[in-house]
>>> print(open('target_11.cif').read())   # mmCIF, C-alpha atoms
data_protein
#
loop_
_atom_site.label_atom_id
_atom_site.label_comp_id
_atom_site.auth_asym_id
_atom_site.auth_seq_id
_atom_site.Cartn_x
_atom_site.Cartn_y
_atom_site.Cartn_z
CA GLY G 1 -35.93 -11.47 21.37
CA MET G 2 -36.30 -11.56 17.62
CA ILE G 3 -33.76 -11.84 14.84
CA GLN G 4 -34.11 -11.10 11.14
CA ILE G 5 -32.47 -13.36 8.57
CA PRO G 6 -32.20 -11.88 5.05
CA PHE G 7 -32.85 -14.23 2.14
CA VAL G 8 -33.51 -14.24 -1.57
CA LYS G 9 -35.67 -16.55 -3.60
CA GLU G 10 -34.13 -19.80 -4.77
CA GLU G 11 -34.26 -18.88 -8.45
CA TYR G 12 -31.71 -16.11 -7.84
CA HIS G 13 -29.05 -18.67 -6.91
CA ASP G 14 -27.12 -20.25 -9.77
CA ASP G 15 -26.22 -23.88 -9.34
CA ILE G 16 -22.57 -24.22 -8.31
CA THR G 17 -21.39 -27.37 -10.02
CA MET G 18 -18.02 -28.61 -11.14
CA PRO G 19 -17.38 -29.55 -14.79
CA GLU G 20 -16.62 -33.15 -13.74
CA ASP G 21 -20.24 -33.71 -12.57
CA ASP G 22 -18.93 -35.70 -9.60
CA THR G 23 -16.70 -35.09 -6.58
CA THR G 24 -13.45 -36.35 -8.11
CA LEU G 25 -10.84 -34.19 -9.77
CA LYS G 26 -10.22 -35.29 -13.34
CA SER G 27 -8.00 -32.35 -14.29
CA TYR G 28 -6.18 -30.23 -11.77
CA VAL G 29 -3.06 -28.34 -10.81
CA SER G 30 -1.14 -29.63 -7.79
CA MET G 31 1.35 -27.72 -5.66
CA PHE G 32 2.58 -27.29 -2.10
CA SER G 33 -0.01 -25.54 0.08
CA ASP G 34 2.65 -23.10 1.30
CA THR G 35 3.45 -22.06 -2.29
CA PHE G 36 -0.23 -21.53 -3.08
CA ILE G 37 -1.03 -19.60 0.11
CA LYS G 38 1.98 -17.28 -0.17
CA ALA G 39 1.14 -16.46 -3.78
CA LEU G 40 -2.43 -15.55 -2.77
CA GLU G 41 -1.24 -13.41 0.14
CA ARG G 42 1.31 -11.53 -1.96
CA VAL G 43 -1.31 -10.30 -4.45
CA SER G 44 -4.58 -10.11 -2.48
CA TYR G 45 -3.65 -7.26 -0.13
CA CYS G 46 -4.48 -4.59 -2.72
CA ILE G 47 -7.89 -5.95 -3.76
CA ASN G 48 -10.96 -3.86 -2.97
CA SER G 49 -13.63 -6.33 -1.84
CA LYS G 50 -16.33 -3.63 -2.04
CA GLU G 51 -15.88 -2.86 -5.73
CA ARG G 52 -19.43 -2.82 -7.16
CA TYR G 53 -19.01 -1.98 -10.83
CA LYS G 54 -16.10 -4.26 -11.79
CA PRO G 55 -16.61 -7.69 -10.17
CA SER G 56 -13.39 -9.01 -11.68
CA LEU G 57 -11.43 -6.61 -9.46
CA CYS G 58 -12.94 -8.24 -6.35
CA GLY G 59 -10.84 -11.36 -6.75
CA VAL G 60 -7.45 -12.91 -7.42
CA TYR G 61 -6.86 -13.95 -11.02
CA ILE G 62 -5.15 -17.33 -11.36
CA GLY G 63 -3.96 -18.28 -14.84
CA LEU G 64 -2.11 -21.37 -16.02
CA GLU G 65 0.53 -20.64 -18.65
CA GLU G 66 2.91 -23.02 -20.43
CA ASP G 67 5.68 -22.97 -17.83
CA HIS G 68 4.28 -20.94 -14.93
CA MET G 69 1.15 -19.78 -13.13
CA ASP G 70 0.17 -16.14 -12.75
CA PHE G 71 -1.47 -14.84 -9.59
CA VAL G 72 -2.74 -11.27 -10.06
CA GLY G 73 -4.52 -8.77 -7.84
CA THR G 74 -5.42 -5.13 -8.45
CA ASP G 75 -7.67 -2.33 -7.22
CA ALA G 76 -7.19 -0.34 -10.46
CA HIS G 77 -4.47 1.74 -8.75
CA VAL G 78 -1.94 -0.91 -7.73
CA LEU G 79 -1.42 -4.12 -9.72
CA VAL G 80 0.59 -7.03 -8.29
CA LYS G 81 1.59 -10.15 -10.22
CA ASP G 82 3.30 -13.20 -8.76
CA CYS G 83 4.59 -16.08 -10.89
CA ILE G 84 5.18 -19.58 -9.57
CA LYS G 85 6.80 -22.51 -11.35
CA ASP G 86 6.78 -25.17 -8.64
CA PHE G 87 3.63 -27.10 -9.60
CA SER G 88 2.44 -30.09 -11.59
CA THR G 89 -0.65 -30.78 -13.69
CA SER G 90 -2.82 -33.81 -14.31
CA GLY G 91 -5.40 -34.25 -17.03
CA ILE G 92 -4.99 -30.69 -18.36
CA SER G 93 -5.74 -30.54 -22.09
CA GLU G 94 -6.28 -27.81 -24.67
CA ASP G 95 -9.99 -27.84 -23.86
CA SER G 96 -9.47 -27.50 -20.10
CA ARG G 97 -10.22 -24.18 -18.45
CA LYS G 98 -6.90 -22.66 -17.46
CA TYR G 99 -7.86 -19.57 -15.51
CA CYS G 100 -10.25 -18.43 -12.79
CA ILE G 101 -11.01 -15.42 -10.59
CA MET G 102 -11.28 -16.28 -6.90
CA ASP G 103 -13.33 -13.90 -4.75
CA VAL G 104 -11.12 -12.20 -2.16
CA ASN G 105 -13.45 -13.26 0.67
CA PHE G 106 -12.85 -16.89 -0.22
CA VAL G 107 -9.14 -16.14 -0.56
CA ASN G 108 -9.13 -14.98 3.06
CA ILE G 109 -10.90 -18.15 4.19
CA VAL G 110 -8.53 -20.42 2.28
CA THR G 111 -5.35 -18.67 3.46
CA ARG G 112 -6.47 -18.92 7.09
CA THR G 113 -7.53 -22.57 6.85
CA ILE G 114 -4.99 -24.44 4.71
CA LYS G 115 -1.63 -24.70 6.42
CA ASP G 116 0.45 -27.58 5.05
CA GLY G 117 0.57 -30.51 2.66
CA HIS G 118 -0.42 -30.35 -1.01
CA ILE G 119 -3.45 -28.79 -2.67
CA LYS G 120 -5.25 -29.66 -5.88
CA LEU G 121 -6.83 -26.78 -7.78
CA CYS G 122 -9.56 -27.43 -10.34
CA MET G 123 -10.82 -24.46 -12.38
CA GLY G 124 -14.35 -24.91 -13.71
CA ASN G 125 -16.56 -22.61 -15.74
CA LYS G 126 -18.83 -21.84 -12.80
CA ALA G 127 -16.82 -22.84 -9.77
CA ILE G 128 -13.36 -23.40 -8.35
CA LYS G 129 -12.46 -26.45 -6.32
CA ILE G 130 -9.55 -26.57 -3.89
CA LYS G 131 -8.79 -29.81 -2.08
CA ASN G 132 -6.13 -30.98 0.33
CA GLU G 133 -5.81 -33.79 2.87
CA SER G 134 -8.22 -32.14 5.34
CA TYR G 135 -10.51 -29.75 3.45
CA THR G 136 -12.44 -29.37 0.23
CA PHE G 137 -13.51 -25.89 -0.84
CA ILE G 138 -15.97 -25.21 -3.65
CA MET G 139 -16.42 -21.54 -4.44
CA ARG G 140 -17.97 -19.54 -7.23
CA ASN G 141 -15.77 -18.46 -10.12
CA ILE G 142 -16.34 -14.75 -10.86
CA PRO G 143 -17.75 -14.87 -14.42
CA GLU G 144 -15.98 -11.78 -15.73
CA LYS G 145 -13.18 -11.06 -18.15
CA TYR G 146 -10.05 -10.00 -16.32
CA PRO G 147 -8.17 -6.88 -17.53
CA ASN G 148 -5.08 -7.39 -19.67
CA TYR G 149 -2.61 -7.09 -16.82
CA ASN G 150 0.44 -7.82 -19.00
CA ALA G 151 -0.17 -4.55 -20.85
CA VAL G 152 0.61 -2.67 -17.65
CA PHE G 153 4.20 -3.86 -17.39
CA PRO G 154 6.86 -2.11 -19.49
CA THR G 155 8.50 -4.20 -22.19
CA LEU G 156 11.75 -2.22 -22.37
CA ASP G 157 14.60 -2.96 -20.01
CA GLY G 158 15.33 -0.04 -17.72
CA PRO G 159 17.96 0.61 -15.08
CA LYS G 160 18.23 -2.15 -12.45
CA VAL G 161 19.57 -1.81 -8.94
CA ILE G 162 19.89 -4.16 -5.96
CA VAL G 163 18.90 -2.82 -2.54
CA ASP G 164 18.34 -4.37 0.86
CA ARG G 165 14.57 -4.65 1.22
CA LYS G 166 14.46 -3.84 4.93
CA GLU G 167 16.78 -0.87 4.61
CA PHE G 168 14.84 0.50 1.64
CA LEU G 169 11.47 -0.04 3.38
CA ASN G 170 12.56 1.57 6.65
CA THR G 171 13.98 4.55 4.79
CA LEU G 172 10.81 4.86 2.72
CA LYS G 173 8.64 4.76 5.86
CA MET G 174 10.70 7.57 7.39
CA VAL G 175 10.43 9.67 4.22
CA ASN G 176 6.70 8.98 3.95
CA THR G 177 6.06 10.67 7.30
CA THR G 178 6.45 13.98 5.46
CA LEU G 179 3.72 13.08 2.93
CA ASN G 180 -0.03 13.51 3.05
CA ASN G 181 -1.73 10.18 3.77
CA THR G 182 -3.81 10.15 0.61
CA PHE G 183 -4.03 8.05 -2.55
CA ILE G 184 -4.70 11.08 -4.75
CA ALA G 185 -1.76 11.71 -7.06
CA ASN G 186 -0.16 15.07 -6.34
CA ASP G 187 3.16 16.59 -5.29
CA HIS G 188 2.32 16.09 -1.60
CA ASN G 189 2.40 12.27 -1.70
CA ARG G 190 5.03 11.69 -4.39
CA VAL G 191 8.49 10.29 -3.71
CA ILE G 192 11.36 10.48 -6.18
CA ILE G 193 13.85 7.63 -6.50
CA GLU G 194 16.99 9.33 -7.80
CA ILE G 195 20.29 7.77 -8.82
CA LYS G 196 23.01 10.33 -9.30
CA GLU G 197 26.76 9.79 -9.30
CA GLY G 198 26.26 6.21 -8.12
CA ILE G 199 24.16 7.22 -5.08
CA LEU G 200 20.49 6.29 -4.61
CA LYS G 201 18.28 8.78 -2.80
CA ILE G 202 14.62 8.70 -1.81
CA LYS G 203 13.38 12.28 -2.00
CA THR G 204 10.26 14.28 -1.30
CA ALA G 205 9.61 18.01 -1.40
CA LYS G 206 10.67 18.21 2.26
CA THR G 207 13.41 15.64 2.79
CA GLU G 208 15.78 13.13 1.22
CA CYS G 209 17.59 10.00 2.44
CA LYS G 210 20.31 7.80 1.00
CA VAL G 211 20.02 4.02 0.50
CA ASN G 212 22.87 1.62 -0.20
CA MET G 213 22.64 0.00 -3.63
CA GLU G 214 24.43 -2.09 -6.20
CA GLY G 215 24.03 -2.09 -9.96
CA CYS G 216 23.06 0.83 -12.17
CA ARG G 217 25.43 3.80 -12.15
CA ALA G 218 23.68 5.86 -14.80
CA ASP G 219 21.93 9.00 -13.58
CA THR G 220 18.18 8.50 -13.53
CA PHE G 221 15.07 9.27 -11.51
CA VAL G 222 11.48 8.08 -11.33
CA GLY G 223 8.46 9.18 -9.30
CA PHE G 224 6.07 7.01 -7.27
CA ASN G 225 3.13 7.42 -4.97
CA GLY G 226 4.96 6.93 -1.68
CA ILE G 227 2.08 5.16 0.06
CA PHE G 228 1.59 2.67 -2.77
CA LEU G 229 5.33 1.99 -2.94
CA GLN G 230 5.47 1.32 0.80
CA ARG G 231 2.57 -1.15 0.57
CA ILE G 232 4.33 -3.02 -2.22
CA PHE G 233 7.60 -3.40 -0.28
CA GLU G 234 5.70 -4.50 2.82
CA HIS G 235 4.29 -7.48 0.90
CA ILE G 236 7.32 -8.59 -1.09
#
>>> encode(input="target_11.cif", output="C-alpha coordinates")
Amino acid sequence: GMIQIPFVKEEYHDDITMPEDDTTLKSYVSMFSDTFIKALERVSYCINSKERYKPSLCGVYIGLEEDHMDFVGTDAHVLVKDCIKDFSTSGISEDSRKYCIMDVNFVNIVTRTIKDGHIKLCMGNKAIKIKNESYTFIMRNIPEKYPNYNAVFPTLDGPKVIVDRKEFLNTLKMVNTTLNNTFIANDHNRVIIEIKEGILKIKTAKTECKVNMEGCRADTFVGFNGIFLQRIFEHI
(Lines of atoms letter the chains of each structure in order from A and count residues from 1; the text may use other names and numbers.)
(Lines give C-alpha, C1' and ligand atoms only; values in the text may rest on other atoms or scores of the structure.)
Protein backbone atom coordinates (compact mmCIF):
# COMPACT_ATOMS: atom_id res chain seq x y z
CA GLY A 1 0.00 0.00 0.00
CA MET A 2 0.86 3.67 0.08
CA ILE A 3 1.06 6.16 2.91
CA GLN A 4 1.12 9.94 2.82
CA ILE A 5 3.39 11.88 5.17
CA PRO A 6 2.56 15.60 5.52
CA PHE A 7 5.49 18.01 5.70
CA VAL A 8 6.35 21.67 5.47
CA LYS A 9 9.43 23.33 4.08
CA GLU A 10 12.39 23.70 6.39
CA GLU A 11 12.22 27.49 6.48
CA TYR A 12 8.88 27.29 8.31
CA HIS A 13 10.55 25.68 11.32
CA ASP A 14 12.15 28.01 13.85
CA ASP A 15 15.33 26.79 15.44
CA ILE A 16 14.63 25.47 18.95
CA THR A 17 17.70 26.42 20.94
CA MET A 18 18.32 27.03 24.60
CA PRO A 19 19.75 30.36 25.83
CA GLU A 20 22.82 28.55 27.20
CA ASP A 21 23.97 27.53 23.68
CA ASP A 22 25.02 24.13 25.03
CA THR A 23 23.37 21.16 26.74
CA THR A 24 24.11 22.18 30.33
CA LEU A 25 21.76 24.07 32.60
CA LYS A 26 23.34 27.28 33.83
CA SER A 27 20.19 28.67 35.47
CA TYR A 28 17.29 26.52 36.51
CA VAL A 29 14.59 25.76 39.04
CA SER A 30 14.83 22.42 40.84
CA MET A 31 12.04 20.56 42.62
CA PHE A 32 10.68 17.09 43.33
CA SER A 33 9.20 15.50 40.21
CA ASP A 34 6.04 14.64 42.14
CA THR A 35 5.52 18.30 43.09
CA PHE A 36 6.00 19.42 39.49
CA ILE A 37 3.75 16.76 37.96
CA LYS A 38 0.90 17.30 40.43
CA ALA A 39 0.97 21.06 39.84
CA LEU A 40 0.73 20.50 36.07
CA GLU A 41 -2.12 18.02 36.46
CA ARG A 42 -4.11 20.28 38.77
CA VAL A 43 -4.24 23.14 36.24
CA SER A 44 -4.03 21.47 32.81
CA TYR A 45 -7.40 19.70 32.85
CA CYS A 46 -9.29 22.83 31.77
CA ILE A 47 -7.02 23.80 28.85
CA ASN A 48 -8.46 23.67 25.35
CA SER A 49 -5.70 22.23 23.15
CA LYS A 50 -7.63 23.16 19.98
CA GLU A 51 -7.79 26.90 20.67
CA ARG A 52 -6.75 28.53 17.37
CA TYR A 53 -6.96 32.26 18.01
CA LYS A 54 -5.27 32.53 21.42
CA PRO A 55 -2.18 30.29 21.46
CA SER A 56 -1.37 31.27 25.04
CA LEU A 57 -4.53 29.47 26.19
CA CYS A 58 -3.20 26.20 24.73
CA GLY A 59 -0.61 25.81 27.46
CA VAL A 60 0.21 25.92 31.15
CA TYR A 61 1.74 29.18 32.34
CA ILE A 62 4.65 28.70 34.75
CA GLY A 63 5.92 31.83 36.50
CA LEU A 64 8.68 32.21 39.07
CA GLU A 65 7.86 34.76 41.77
CA GLU A 66 9.92 35.86 44.79
CA ASP A 67 8.76 33.13 47.18
CA HIS A 68 6.60 30.82 45.07
CA MET A 69 5.88 29.51 41.59
CA ASP A 70 2.55 29.95 39.83
CA PHE A 71 1.10 27.24 37.61
CA VAL A 72 -1.94 28.51 35.68
CA GLY A 73 -4.34 26.98 33.18
CA THR A 74 -7.49 28.38 31.60
CA ASP A 75 -9.88 27.91 28.69
CA ALA A 76 -11.30 31.44 29.10
CA HIS A 77 -14.22 30.02 31.12
CA VAL A 78 -12.46 28.31 34.01
CA LEU A 79 -9.14 29.56 35.42
CA VAL A 80 -7.08 27.44 37.82
CA LYS A 81 -3.96 28.61 39.67
CA ASP A 82 -1.71 26.44 41.81
CA CYS A 83 1.14 27.85 43.90
CA ILE A 84 4.11 25.80 45.07
CA LYS A 85 6.86 26.83 47.45
CA ASP A 86 8.92 23.64 47.69
CA PHE A 87 11.65 24.39 45.15
CA SER A 88 15.15 25.80 44.84
CA THR A 89 16.90 27.91 42.21
CA SER A 90 20.41 28.04 40.81
CA GLY A 91 21.93 30.78 38.69
CA ILE A 92 18.68 32.78 38.49
CA SER A 93 19.39 36.51 38.15
CA GLU A 94 17.39 39.62 37.33
CA ASP A 95 18.11 39.07 33.65
CA SER A 96 16.97 35.44 33.66
CA ARG A 97 13.66 34.55 32.05
CA LYS A 98 11.27 33.68 34.85
CA TYR A 99 8.17 32.47 33.05
CA CYS A 100 7.13 30.21 30.19
CA ILE A 101 4.01 28.73 28.57
CA MET A 102 4.21 24.97 28.09
CA ASP A 103 2.00 23.49 25.36
CA VAL A 104 -0.60 21.17 26.86
CA ASN A 105 0.41 18.34 24.51
CA PHE A 106 3.91 18.43 25.95
CA VAL A 107 2.42 18.67 29.43
CA ASN A 108 0.64 15.37 28.80
CA ILE A 109 3.86 13.73 27.62
CA VAL A 110 5.84 14.97 30.61
CA THR A 111 3.23 13.97 33.20
CA ARG A 112 3.05 10.44 31.76
CA THR A 113 6.82 10.00 31.53
CA ILE A 114 8.43 11.54 34.62
CA LYS A 115 7.59 9.59 37.75
CA ASP A 116 10.12 10.20 40.54
CA GLY A 117 13.34 11.92 41.53
CA HIS A 118 14.09 15.61 40.94
CA ILE A 119 13.60 17.75 37.85
CA LYS A 120 15.44 20.82 36.64
CA LEU A 121 13.39 23.37 34.72
CA CYS A 122 15.11 25.93 32.48
CA MET A 123 12.94 28.61 30.86
CA GLY A 124 14.42 30.05 27.67
CA ASN A 125 13.11 32.66 25.27
CA LYS A 126 12.34 30.09 22.58
CA ALA A 127 12.28 26.80 24.41
CA ILE A 128 11.76 25.07 27.72
CA LYS A 129 14.10 22.39 29.01
CA ILE A 130 13.10 19.81 31.60
CA LYS A 131 15.69 17.33 32.81
CA ASN A 132 15.75 14.55 35.37
CA GLU A 133 17.89 11.47 36.00
CA SER A 134 16.41 9.56 33.04
CA TYR A 135 14.99 12.05 30.52
CA THR A 136 15.67 15.40 28.92
CA PHE A 137 12.78 17.24 27.26
CA ILE A 138 13.22 20.28 25.04
CA MET A 139 9.95 21.84 23.93
CA ARG A 140 8.91 25.07 22.31
CA ASN A 141 7.92 27.97 24.54
CA ILE A 142 4.64 29.49 23.29
CA PRO A 143 5.74 33.04 22.34
CA GLU A 144 2.62 34.83 23.56
CA LYS A 145 1.74 37.16 26.39
CA TYR A 146 -0.32 35.37 29.01
CA PRO A 147 -3.51 37.07 30.30
CA ASN A 148 -3.33 38.85 33.65
CA TYR A 149 -4.71 35.96 35.68
CA ASN A 150 -4.31 37.74 39.03
CA ALA A 151 -6.95 40.26 37.96
CA VAL A 152 -9.52 37.47 37.97
CA PHE A 153 -9.25 36.72 41.67
CA PRO A 154 -11.13 38.96 44.12
CA THR A 155 -9.01 41.06 46.45
CA LEU A 156 -11.61 41.42 49.21
CA ASP A 157 -11.99 38.77 51.87
CA GLY A 158 -15.38 37.09 51.71
CA PRO A 159 -17.09 34.47 53.84
CA LYS A 160 -14.99 31.32 54.39
CA VAL A 161 -16.27 27.87 55.24
CA ILE A 162 -14.65 24.46 55.71
CA VAL A 163 -16.34 21.46 54.09
CA ASP A 164 -15.36 17.86 53.50
CA ARG A 165 -14.31 17.70 49.85
CA LYS A 166 -15.74 14.25 49.16
CA GLU A 167 -19.05 15.02 50.82
CA PHE A 168 -19.37 18.33 48.98
CA LEU A 169 -18.41 16.75 45.63
CA ASN A 170 -20.80 13.81 45.99
CA THR A 171 -23.63 16.15 46.95
CA LEU A 172 -22.82 18.44 44.04
CA LYS A 173 -22.81 15.50 41.60
CA MET A 174 -26.24 14.45 42.84
CA VAL A 175 -27.60 17.99 42.48
CA ASN A 176 -26.04 18.36 39.03
CA THR A 177 -28.13 15.48 37.69
CA THR A 178 -31.04 17.93 37.58
CA LEU A 179 -29.10 20.40 35.39
CA ASN A 180 -28.68 20.62 31.65
CA ASN A 181 -25.24 19.34 30.61
CA THR A 182 -24.15 22.57 28.95
CA PHE A 183 -21.50 25.24 29.53
CA ILE A 184 -23.84 28.05 28.49
CA ALA A 185 -24.68 30.24 31.47
CA ASN A 186 -28.39 30.11 32.24
CA ASP A 187 -30.80 29.18 35.02
CA HIS A 188 -30.81 25.53 33.90
CA ASN A 189 -27.16 24.84 34.80
CA ARG A 190 -26.70 27.17 37.77
CA VAL A 191 -26.28 25.99 41.35
CA ILE A 192 -26.66 28.25 44.37
CA ILE A 193 -24.44 27.81 47.43
CA GLU A 194 -26.55 29.21 50.26
CA ILE A 195 -25.62 29.67 53.90
CA LYS A 196 -28.60 30.48 56.06
CA GLU A 197 -28.94 30.13 59.82
CA GLY A 198 -25.62 28.27 59.96
CA ILE A 199 -26.67 25.65 57.37
CA LEU A 200 -25.03 25.24 53.95
CA LYS A 201 -27.24 24.13 51.08
CA ILE A 202 -26.51 23.40 47.42
CA LYS A 203 -29.62 24.40 45.49
CA THR A 204 -30.95 24.34 41.96
CA ALA A 205 -34.35 25.24 40.55
CA LYS A 206 -35.46 21.64 41.14
CA THR A 207 -33.72 20.41 44.28
CA GLU A 208 -31.58 21.28 47.29
CA CYS A 209 -29.22 19.31 49.57
CA LYS A 210 -27.48 20.09 52.84
CA VAL A 211 -23.70 19.82 53.40
CA ASN A 212 -21.92 19.82 56.75
CA MET A 213 -19.69 22.85 57.24
CA GLU A 214 -17.62 24.82 59.71
CA GLY A 215 -16.83 28.51 59.74
CA CYS A 216 -18.99 31.34 58.43
CA ARG A 217 -22.38 31.76 60.10
CA ALA A 218 -23.46 34.89 58.27
CA ASP A 219 -26.28 34.46 55.77
CA THR A 220 -24.96 34.56 52.22
CA PHE A 221 -25.37 32.96 48.82
CA VAL A 222 -23.44 32.78 45.56
CA GLY A 223 -24.18 31.22 42.17
CA PHE A 224 -21.93 28.96 40.08
CA ASN A 225 -22.09 26.99 36.89
CA GLY A 226 -22.65 23.55 38.40
CA ILE A 227 -20.62 21.68 35.78
CA PHE A 228 -17.60 23.97 36.15
CA LEU A 229 -17.78 23.74 39.94
CA GLN A 230 -17.85 19.94 39.80
CA ARG A 231 -14.79 19.86 37.53
CA ILE A 232 -12.90 22.08 39.95
CA PHE A 233 -13.63 19.89 42.98
CA GLU A 234 -12.73 16.76 41.03
CA HIS A 235 -9.20 18.12 40.50
CA ILE A 236 -8.45 19.63 43.89
>>> atom_distance(input="target_11.cif", atom1="atom CA of His235 of chain G", atom2="atom CA of Ser49 of chain G")
18.2 Å
>>> closest_residue(input="target_11.cif", among="G:Cys46, G:Val29, G:Val104, G:Leu40", to="Cys122 of chain G", atoms="only C-alpha atoms")
G:Val29
>>> resolve_selection(input="target_11.cif", expression="the PyMOL selection byres ((chain G and resi 102) around 9)", output="PyMOL selection string")
chain G and resi 56+58-62+100-101+103-107+128+139-142
>>> atom_distance(input="target_11.cif", atom1="atom CA of Gly223 of chain G", atom2="atom CA of Val191 of chain G")
5.7 Å
>>> closest_residue(input="target_11.cif", among="G:Val110, G:Ile130, G:Ala205, G:Ile236", to="Arg42 of chain G", atoms="all atoms listed in the file")
G:Ile236
>>> build_atoms(input="target_11.cif", residues="segment 42-53 of chain G", atoms="all heavy atoms", output="short mmCIF file (atom, residue, chain, number, x, y, z; two decimals), keeping the file's coordinate frame")
data_model
loop_
_atom_site.label_atom_id
_atom_site.label_comp_id
_atom_site.auth_asym_id
_atom_site.auth_seq_id
_atom_site.Cartn_x
_atom_site.Cartn_y
_atom_site.Cartn_z
N ARG G 42 0.48 -12.58 -1.37
CA ARG G 42 1.31 -11.53 -1.96
C ARG G 42 0.53 -10.62 -2.89
O ARG G 42 0.92 -9.47 -3.10
CB ARG G 42 2.50 -12.15 -2.72
CG ARG G 42 3.66 -12.54 -1.82
CD ARG G 42 4.90 -12.84 -2.64
NE ARG G 42 4.79 -14.10 -3.34
CZ ARG G 42 5.31 -15.25 -2.93
NH1 ARG G 42 5.96 -15.30 -1.77
NH2 ARG G 42 5.17 -16.36 -3.64
N VAL G 43 -0.58 -11.11 -3.47
CA VAL G 43 -1.31 -10.30 -4.45
C VAL G 43 -2.67 -9.82 -3.95
O VAL G 43 -3.25 -8.90 -4.53
CB VAL G 43 -1.50 -11.05 -5.78
CG1 VAL G 43 -0.16 -11.51 -6.33
CG2 VAL G 43 -2.44 -12.24 -5.62
N SER G 44 -3.20 -10.41 -2.89
CA SER G 44 -4.58 -10.11 -2.48
C SER G 44 -4.69 -8.88 -1.60
O SER G 44 -5.80 -8.37 -1.41
CB SER G 44 -5.19 -11.31 -1.75
OG SER G 44 -4.47 -11.62 -0.57
N TYR G 45 -3.57 -8.38 -1.07
CA TYR G 45 -3.65 -7.26 -0.13
C TYR G 45 -4.22 -5.99 -0.77
O TYR G 45 -4.80 -5.14 -0.08
CB TYR G 45 -2.27 -6.96 0.46
CG TYR G 45 -1.34 -6.23 -0.46
CD1 TYR G 45 -1.28 -4.83 -0.46
CD2 TYR G 45 -0.51 -6.91 -1.34
CE1 TYR G 45 -0.42 -4.15 -1.32
CE2 TYR G 45 0.34 -6.25 -2.19
CZ TYR G 45 0.38 -4.87 -2.17
OH TYR G 45 1.22 -4.21 -3.03
N CYS G 46 -4.06 -5.83 -2.07
CA CYS G 46 -4.48 -4.59 -2.72
C CYS G 46 -5.88 -4.67 -3.33
O CYS G 46 -6.33 -3.71 -3.96
CB CYS G 46 -3.48 -4.19 -3.80
SG CYS G 46 -3.43 -5.34 -5.21
N ILE G 47 -6.58 -5.78 -3.13
CA ILE G 47 -7.89 -5.95 -3.76
C ILE G 47 -8.97 -5.25 -2.93
O ILE G 47 -8.99 -5.35 -1.71
CB ILE G 47 -8.23 -7.44 -3.90
CG1 ILE G 47 -7.26 -8.09 -4.88
CG2 ILE G 47 -9.67 -7.63 -4.38
CD1 ILE G 47 -7.42 -9.58 -4.99
N ASN G 48 -9.84 -4.54 -3.62
CA ASN G 48 -10.96 -3.86 -2.97
C ASN G 48 -12.19 -4.77 -3.02
O ASN G 48 -12.82 -4.93 -4.06
CB ASN G 48 -11.26 -2.53 -3.68
CG ASN G 48 -12.41 -1.78 -3.04
OD1 ASN G 48 -12.91 -2.15 -1.97
ND2 ASN G 48 -12.86 -0.73 -3.69
N SER G 49 -12.54 -5.38 -1.88
CA SER G 49 -13.63 -6.33 -1.84
C SER G 49 -14.99 -5.67 -1.99
O SER G 49 -16.01 -6.36 -2.17
CB SER G 49 -13.61 -7.12 -0.53
OG SER G 49 -13.77 -6.24 0.58
N LYS G 50 -15.05 -4.33 -1.94
CA LYS G 50 -16.33 -3.63 -2.04
C LYS G 50 -16.55 -3.01 -3.41
O LYS G 50 -17.47 -2.21 -3.59
CB LYS G 50 -16.40 -2.54 -0.96
CG LYS G 50 -16.34 -3.09 0.46
CD LYS G 50 -16.44 -1.98 1.49
CE LYS G 50 -16.38 -2.55 2.90
NZ LYS G 50 -16.47 -1.48 3.93
N GLU G 51 -15.71 -3.35 -4.37
CA GLU G 51 -15.88 -2.86 -5.73
C GLU G 51 -17.20 -3.35 -6.31
O GLU G 51 -17.46 -4.56 -6.39
CB GLU G 51 -14.72 -3.33 -6.62
CG GLU G 51 -14.86 -3.02 -8.08
CD GLU G 51 -14.92 -1.55 -8.38
OE1 GLU G 51 -13.99 -0.83 -8.00
OE2 GLU G 51 -15.93 -1.11 -8.97
N ARG G 52 -18.08 -2.44 -6.71
CA ARG G 52 -19.43 -2.82 -7.16
C ARG G 52 -19.55 -2.91 -8.68
O ARG G 52 -20.35 -3.68 -9.19
CB ARG G 52 -20.45 -1.80 -6.65
CG ARG G 52 -20.57 -1.75 -5.14
CD ARG G 52 -21.64 -0.75 -4.73
NE ARG G 52 -21.82 -0.70 -3.29
CZ ARG G 52 -22.71 0.09 -2.68
NH1 ARG G 52 -23.50 0.88 -3.40
NH2 ARG G 52 -22.81 0.07 -1.35
N TYR G 53 -18.78 -2.12 -9.40
CA TYR G 53 -19.01 -1.98 -10.83
C TYR G 53 -18.09 -2.86 -11.67
O TYR G 53 -18.33 -3.05 -12.85
CB TYR G 53 -18.86 -0.52 -11.23
CG TYR G 53 -19.78 0.39 -10.46
CD1 TYR G 53 -19.29 1.24 -9.48
CD2 TYR G 53 -21.15 0.38 -10.70
CE1 TYR G 53 -20.14 2.06 -8.75
CE2 TYR G 53 -22.02 1.20 -9.98
CZ TYR G 53 -21.50 2.04 -9.01
OH TYR G 53 -22.35 2.84 -8.30
#
